[in-house]
Amino acid sequence: MQLQDKYRIAVLSAYALSLHAFESLLPTPIPWLRLGLANIITLVALVLYGFRTAMTVTLIRVILGSIFMGTFLGPSFMLSFSGGVASTAAMGLAYLTFGNIFGPVGLSLIGALFHNIAQLTLAYFLFIQRVEAVLFIAPVIVLIGTLTGVANGAVSGLLIKKLLQKDGEKIQNDKAD
Amino acid sequence: MKTVIRNTTVADKLLFLTLIAASVAGIFFSREAMPQGPDIVITVDGKPQYTLPRDKDRLVSIPGPFGDTVVEIKDGKVRVKEAHCPNRLCEKQGWISRGAIVCLPNHIVITVGGKAGDLPRGIDAVTG
């Protein structure tokens with residue numbers, strides 16, 4: 001890993017962490033609803049700098065974020081960890097397989113969906129253990145995830161476009177993978 | 001806004017519509033498909049703790065990590081009367097006569113219409 005990569009990961013992680021902390025302070029009308037603002041950074045990292053950077057940033061964000069919030073290794077950390085890793089992996093896979101068929105909005109939707117699937121699966125094994133309860137709540141969670149996913153994807157798309165306009169050449173040259 | 005719409009591909013839009021349609025249909029069908037049985041089952045930490053007949057009015061208080069959660073059964077319906085979890089979604093859900101109320105922070109699931117056969121019946125409930 002080059003010095004430039006480390007610098008980039010540090011900056012992206014800092015952005016992701018501050019969004020992560022910011023959204024946990026926001027009051028939401030529905031509990032367990034998180035906007036997933038940090039996913040914007042994951043998506044930007046994925047499209048501009050590749051899968052490895054995106055996954056590193058996600059891991060740093062989830063682990064450091066939970067240490068700051070005091071939830072490290074607790075149930076909400078496990079939900080956050082599984083959701084983050086699953087969504088980044090799914091977005092990375094979709095991006096590498098389908099290339100530009102999906103834009104940022106589509107990738108964000110895939111990420112949100114797999115985030116929800118991972119969390120529901122884990123919640124089933126850890127807490128609920130009743131299939132009908134999980135099936136009952138799953139569509140609601142997926143619907144909310146889809147709506148926030150579109151919003152995050154749109155913001156990521158704008159951000160990616162601006163960054164490419166500003167120093168696109170530099171980014172293309174730097175892109176490691 | 002225009003740039004956003006121009007930036008989305010056909011696949012993006014298809015995926016969005018599919019997800020919305022599937023989840024809305026899921027919400028509709030999961031409510032319809034829920035069994036409306038004779039019993040109200042309260043599960044704590046994944047283990048069924050109480051099986052209560054829905055035609056008998058009563059209050060049950062269940063200890064949890066956020067204090068006692070009070071469940072009320074009245075006129076064949078059930079609600080969470082009092083909860084001390086951070087969000088109180090369960091409380092806001094109000095009275096239900098089918099389906100389930102889930103309180104994740106307290107690890108409590110209240111299901112209307114559980115199968116009476118798979119649970120030990122007649123456990124004394126702590127009345128509030």
# chains A, B, ... in the order shown; residues from 1 in each chain; ligands from 1
$ interface_residues --of "chain B" --to "chain A" --cutoff "10 Å" --atoms "only C-alpha atoms" --output "JSON, numbers by chain"
{"B": [1, 3, 4, 5, 7, 8, 9, 10, 11, 12, 13, 14, 15, 16, 17, 19, 20, 21, 22, 23, 24, 25, 26, 27, 28, 29, 30, 31, 33, 34, 35, 43, 44, 45, 46, 47, 48, 86, 87, 88, 89, 90, 92, 99, 100, 101, 102, 103, 104, 105, 106, 107, 108, 109, 110, 111]}
$ write_last_selection --atoms "C-alpha atoms" --output "compact mmCIF listing (two decimals), in the first residue's frame"
# COMPACT_ATOMS: atom_id res chain seq x y z
CA MET B 1 -32.33 17.36 -9.71
CA THR B 3 -28.44 15.87 -13.25
CA VAL B 4 -29.57 13.22 -10.81
CA ILE B 5 -32.26 11.95 -13.18
CA ASN B 7 -27.34 10.08 -14.09
CA THR B 8 -29.64 7.13 -13.40
CA THR B 9 -29.53 4.26 -15.85
CA VAL B 10 -32.41 2.10 -17.02
CA ALA B 11 -31.24 -0.66 -14.69
CA ASP B 12 -31.33 1.78 -11.77
CA LYS B 13 -34.94 2.66 -12.46
CA LEU B 14 -35.98 -0.95 -12.95
CA LEU B 15 -34.29 -1.95 -9.69
CA PHE B 16 -35.97 0.90 -7.84
CA LEU B 17 -39.44 0.05 -9.15
CA LEU B 19 -37.88 -2.99 -4.85
CA ILE B 20 -40.75 -0.59 -4.19
CA ALA B 21 -43.31 -2.97 -5.72
CA ALA B 22 -41.93 -5.99 -3.86
CA SER B 23 -41.84 -4.28 -0.47
CA VAL B 24 -45.29 -2.71 -0.79
CA ALA B 25 -46.72 -6.06 -1.87
CA GLY B 26 -44.83 -7.69 1.00
CA ILE B 27 -46.33 -5.29 3.55
CA PHE B 28 -49.81 -5.95 2.18
CA PHE B 29 -49.50 -9.73 2.01
CA SER B 30 -47.71 -10.21 5.32
CA ARG B 31 -50.62 -8.51 7.06
CA ALA B 33 -51.27 -13.90 5.70
CA MET B 34 -50.85 -13.56 9.45
CA PRO B 35 -52.86 -16.22 11.23
CA THR B 43 -41.66 -14.47 23.23
CA VAL B 44 -38.72 -13.18 25.23
CA ASP B 45 -35.13 -13.75 24.05
CA GLY B 46 -36.38 -16.18 21.43
CA LYS B 47 -38.16 -18.37 23.97
CA PRO B 48 -41.92 -18.41 24.24
CA PRO B 86 -35.33 4.29 23.67
CA ASN B 87 -37.75 4.47 20.74
CA ARG B 88 -41.03 2.96 21.92
CA LEU B 89 -42.05 1.80 18.48
CA CYS B 90 -43.95 -1.04 20.10
CA LYS B 92 -46.80 3.53 19.04
CA GLY B 99 -49.79 -10.01 13.21
CA ALA B 100 -47.09 -9.16 15.67
CA ILE B 101 -45.50 -6.44 17.75
CA VAL B 102 -41.73 -6.59 17.90
CA CYS B 103 -39.64 -4.79 20.50
CA LEU B 104 -36.03 -5.37 19.53
CA PRO B 105 -34.37 -3.50 22.43
CA ASN B 106 -36.24 -5.59 24.98
CA HIS B 107 -36.03 -8.79 22.87
CA ILE B 108 -39.81 -9.19 23.05
CA VAL B 109 -42.05 -10.48 20.27
CA ILE B 110 -45.82 -10.51 20.75
CA THR B 111 -47.64 -12.65 18.20
$ select_by_dssp --residues "segment 16-124 of chain B" --states "strand (DSSP E or B)" --output "PyMOL selection string"
chain B and resi 39-44+47-53+58-64+67-74+77-82+96+99-103+108-112
$ select_by_dssp --residues "chain B" --states "helix (DSSP H, G or I)" --output "ChimeraX atom specification"
/B:2-7,10-33,89-93,116-118
$ atom_distance --atom1 "atom CA of Ala38 of chain A" --atom2 "atom CA of Leu17 of chain A"
7.2 Å
